[in-house]
Amino acid sequence: RTINRSGTEFGYRYDVGDFSKLNPKSEVFFLTLPTMEHPERIPPFRHSGEEVLLVLEGQIVFNYGGVDILLSEGDCIQFEAEIDHFGHAVGGRDARAFVVTIPDRAATPDQR
């Protein structure tokens, strides 16, 4: 199921991975990232917690805190989501990634 989120207006597509768990502690989705002529126009994302991104198809230039990192199929990165981040596909085709967002543990102290 595709959902609208921040970034949809720039061509990002979010397909939810699972709706079956009540009160999940993480969010799982498949993200399609477009190629872009002007990726510098994308406002960076920033939110609480951690995020894991696994590249399934294509290549992504992932900008984390102002530093570009080239990620290819099979590459996986885990990072603090409070730091500005965004990505876009390169190589002439859209890229696809599996993403897990994990809320800040401070928000749920009973889960430590």
# chains A, B, ... in the order shown; residues from 1 in each chain; ligands from 1
>>> select_by_dssp(residues="chain A", states="strand (DSSP E or B)", output="JSON, numbers by chain")
{"A": [2, 3, 13, 14, 15, 16, 27, 28, 29, 30, 31, 32, 33, 35, 45, 50, 51, 52, 53, 54, 55, 56, 57, 59, 60, 61, 62, 63, 64, 67, 68, 69, 70, 71, 72, 76, 77, 78, 79, 80, 85, 86, 87, 88, 89, 90, 95, 96, 97, 98, 99, 100, 101, 102]}
>>> residues_around(residues="Asn63 of chain A", least_positions_apart="4", cutoff="7 Å", atoms="only C-alpha atoms", output="list in words")
Val67, Asp68, Ile69, His85, Phe86 and Gly87 of chain A
>>> write_last_selection(atoms="C-alpha atoms", output="PDB file, in the first residue's frame")
ATOM      1  CA  VAL A  67      28.363  14.506   3.278  1.00  0.00           C
ATOM      2  CA  ASP A  68      27.461  12.516   0.142  1.00  0.00           C
ATOM      3  CA  ILE A  69      27.755   8.726   0.380  1.00  0.00           C
ATOM      4  CA  HIS A  85      19.562  13.373   5.586  1.00  0.00           C
ATOM      5  CA  PHE A  86      18.142  12.768   2.126  1.00  0.00           C
ATOM      6  CA  GLY A  87      18.928  10.735  -0.949  1.00  0.00           C
TER       7      GLY A  87
END
>>> residues_around(residues="Arg46 of chain A", least_positions_apart="3", cutoff="8 Å", atoms="only C-alpha atoms", output="PyMOL selection string")
chain A and resi 81-85
>>> closest_residue(among="A:Gly11, A:Pro43, A:Gly49, A:Gly74", to="Leu31 of chain A", atoms="only C-alpha atoms")
A:Gly11
>>> closest_residue(among="A:Glu37, A:Ile42, A:Leu22, A:His88", to="Phe62 of chain A", atoms="only C-alpha atoms")
A:His88
>>> residues_around(residues="Val55 of chain A", least_positions_apart="6", cutoff="6 Å", atoms="only C-alpha atoms", output="PyMOL selection string")
chain A and resi 73-75+97
>>> write_last_selection(atoms="all heavy atoms", output="mmCIF file, in the first residue's frame")
data_model
loop_
_atom_site.group_PDB
_atom_site.id
_atom_site.type_symbol
_atom_site.label_atom_id
_atom_site.label_comp_id
_atom_site.auth_asym_id
_atom_site.auth_seq_id
_atom_site.Cartn_x
_atom_site.Cartn_y
_atom_site.Cartn_z
ATOM 1 N N GLU A 73 23.441 -1.444 -4.722
ATOM 2 C CA GLU A 73 22.641 -2.607 -4.353
ATOM 3 C C GLU A 73 23.376 -3.449 -3.314
ATOM 4 O O GLU A 73 24.552 -3.769 -3.482
ATOM 5 C CB GLU A 73 22.333 -3.447 -5.587
ATOM 6 C CG GLU A 73 21.380 -2.764 -6.540
ATOM 7 C CD GLU A 73 21.099 -3.575 -7.789
ATOM 8 O OE1 GLU A 73 21.360 -4.801 -7.806
ATOM 9 O OE2 GLU A 73 20.598 -2.985 -8.757
ATOM 10 N N GLY A 74 22.668 -3.777 -2.234
ATOM 11 C CA GLY A 74 23.244 -4.583 -1.157
ATOM 12 C C GLY A 74 23.858 -3.763 -0.044
ATOM 13 O O GLY A 74 24.114 -4.293 1.042
ATOM 14 N N ASP A 75 24.115 -2.481 -0.272
ATOM 15 C CA ASP A 75 24.670 -1.638 0.784
ATOM 16 C C ASP A 75 23.598 -1.315 1.809
ATOM 17 O O ASP A 75 22.428 -1.116 1.476
ATOM 18 C CB ASP A 75 25.234 -0.327 0.220
ATOM 19 C CG ASP A 75 26.519 -0.525 -0.561
ATOM 20 O OD1 ASP A 75 27.162 -1.585 -0.409
ATOM 21 O OD2 ASP A 75 26.876 0.384 -1.342
ATOM 22 N N ALA A 97 14.727 0.975 -1.990
ATOM 23 C CA ALA A 97 15.369 0.616 -0.723
ATOM 24 C C ALA A 97 14.331 0.078 0.264
ATOM 25 O O ALA A 97 13.142 0.409 0.175
ATOM 26 C CB ALA A 97 16.069 1.831 -0.124
#
>>> atom_distance(atom1="atom CA of Tyr64 of chain A", atom2="atom CA of Pro103 of chain A")
18.3 Å
>>> closest_residue(among="A:Ile102, A:Ala95, A:Val90, A:Leu71", to="Met36 of chain A", atoms="only C-alpha atoms")
A:Val90
>>> atom_distance(atom1="atom CA of Arg41 of chain A", atom2="atom CA of Asp104 of chain A")
27.8 Å
>>> select_by_dssp(residues="chain A", states="helix (DSSP H, G or I)", output="compact mmCIF listing (two decimals) with N, CA and C atoms, in the first residue's frame")
# COMPACT_ATOMS: atom_id res chain seq x y z
N THR A 8 7.03 12.99 -0.82
CA THR A 8 6.21 12.53 -1.94
C THR A 8 6.18 13.58 -3.04
N GLU A 9 6.15 14.84 -2.64
CA GLU A 9 6.10 15.94 -3.62
C GLU A 9 7.36 16.03 -4.48
N PHE A 10 8.45 15.36 -4.06
CA PHE A 10 9.70 15.36 -4.83
C PHE A 10 9.88 14.06 -5.62
N PRO A 39 19.07 17.80 -7.07
CA PRO A 39 18.85 17.22 -5.75
C PRO A 39 19.09 18.20 -4.61
N GLU A 40 19.83 19.26 -4.88
CA GLU A 40 20.09 20.26 -3.83
C GLU A 40 18.82 20.98 -3.41
N ARG A 41 17.76 20.86 -4.18
CA ARG A 41 16.49 21.51 -3.84
C ARG A 41 15.65 20.70 -2.85
N ARG A 105 14.52 5.87 21.75
CA ARG A 105 14.29 5.04 22.94
C ARG A 105 13.86 5.87 24.14
N ALA A 106 14.27 7.12 24.20
CA ALA A 106 13.89 7.98 25.31
C ALA A 106 12.37 8.16 25.36
N ALA A 107 11.73 8.02 24.22
CA ALA A 107 10.27 8.17 24.15
C ALA A 107 9.56 6.97 24.75
N PRO A 109 10.83 4.58 27.58
CA PRO A 109 11.83 4.09 28.52
C PRO A 109 11.60 2.65 28.96
N ASP A 110 10.38 2.17 28.93
CA ASP A 110 10.11 0.79 29.34
C ASP A 110 10.66 -0.23 28.35
N GLN A 111 11.13 0.22 27.17
CA GLN A 111 11.64 -0.69 26.17
C GLN A 111 13.17 -0.79 26.18
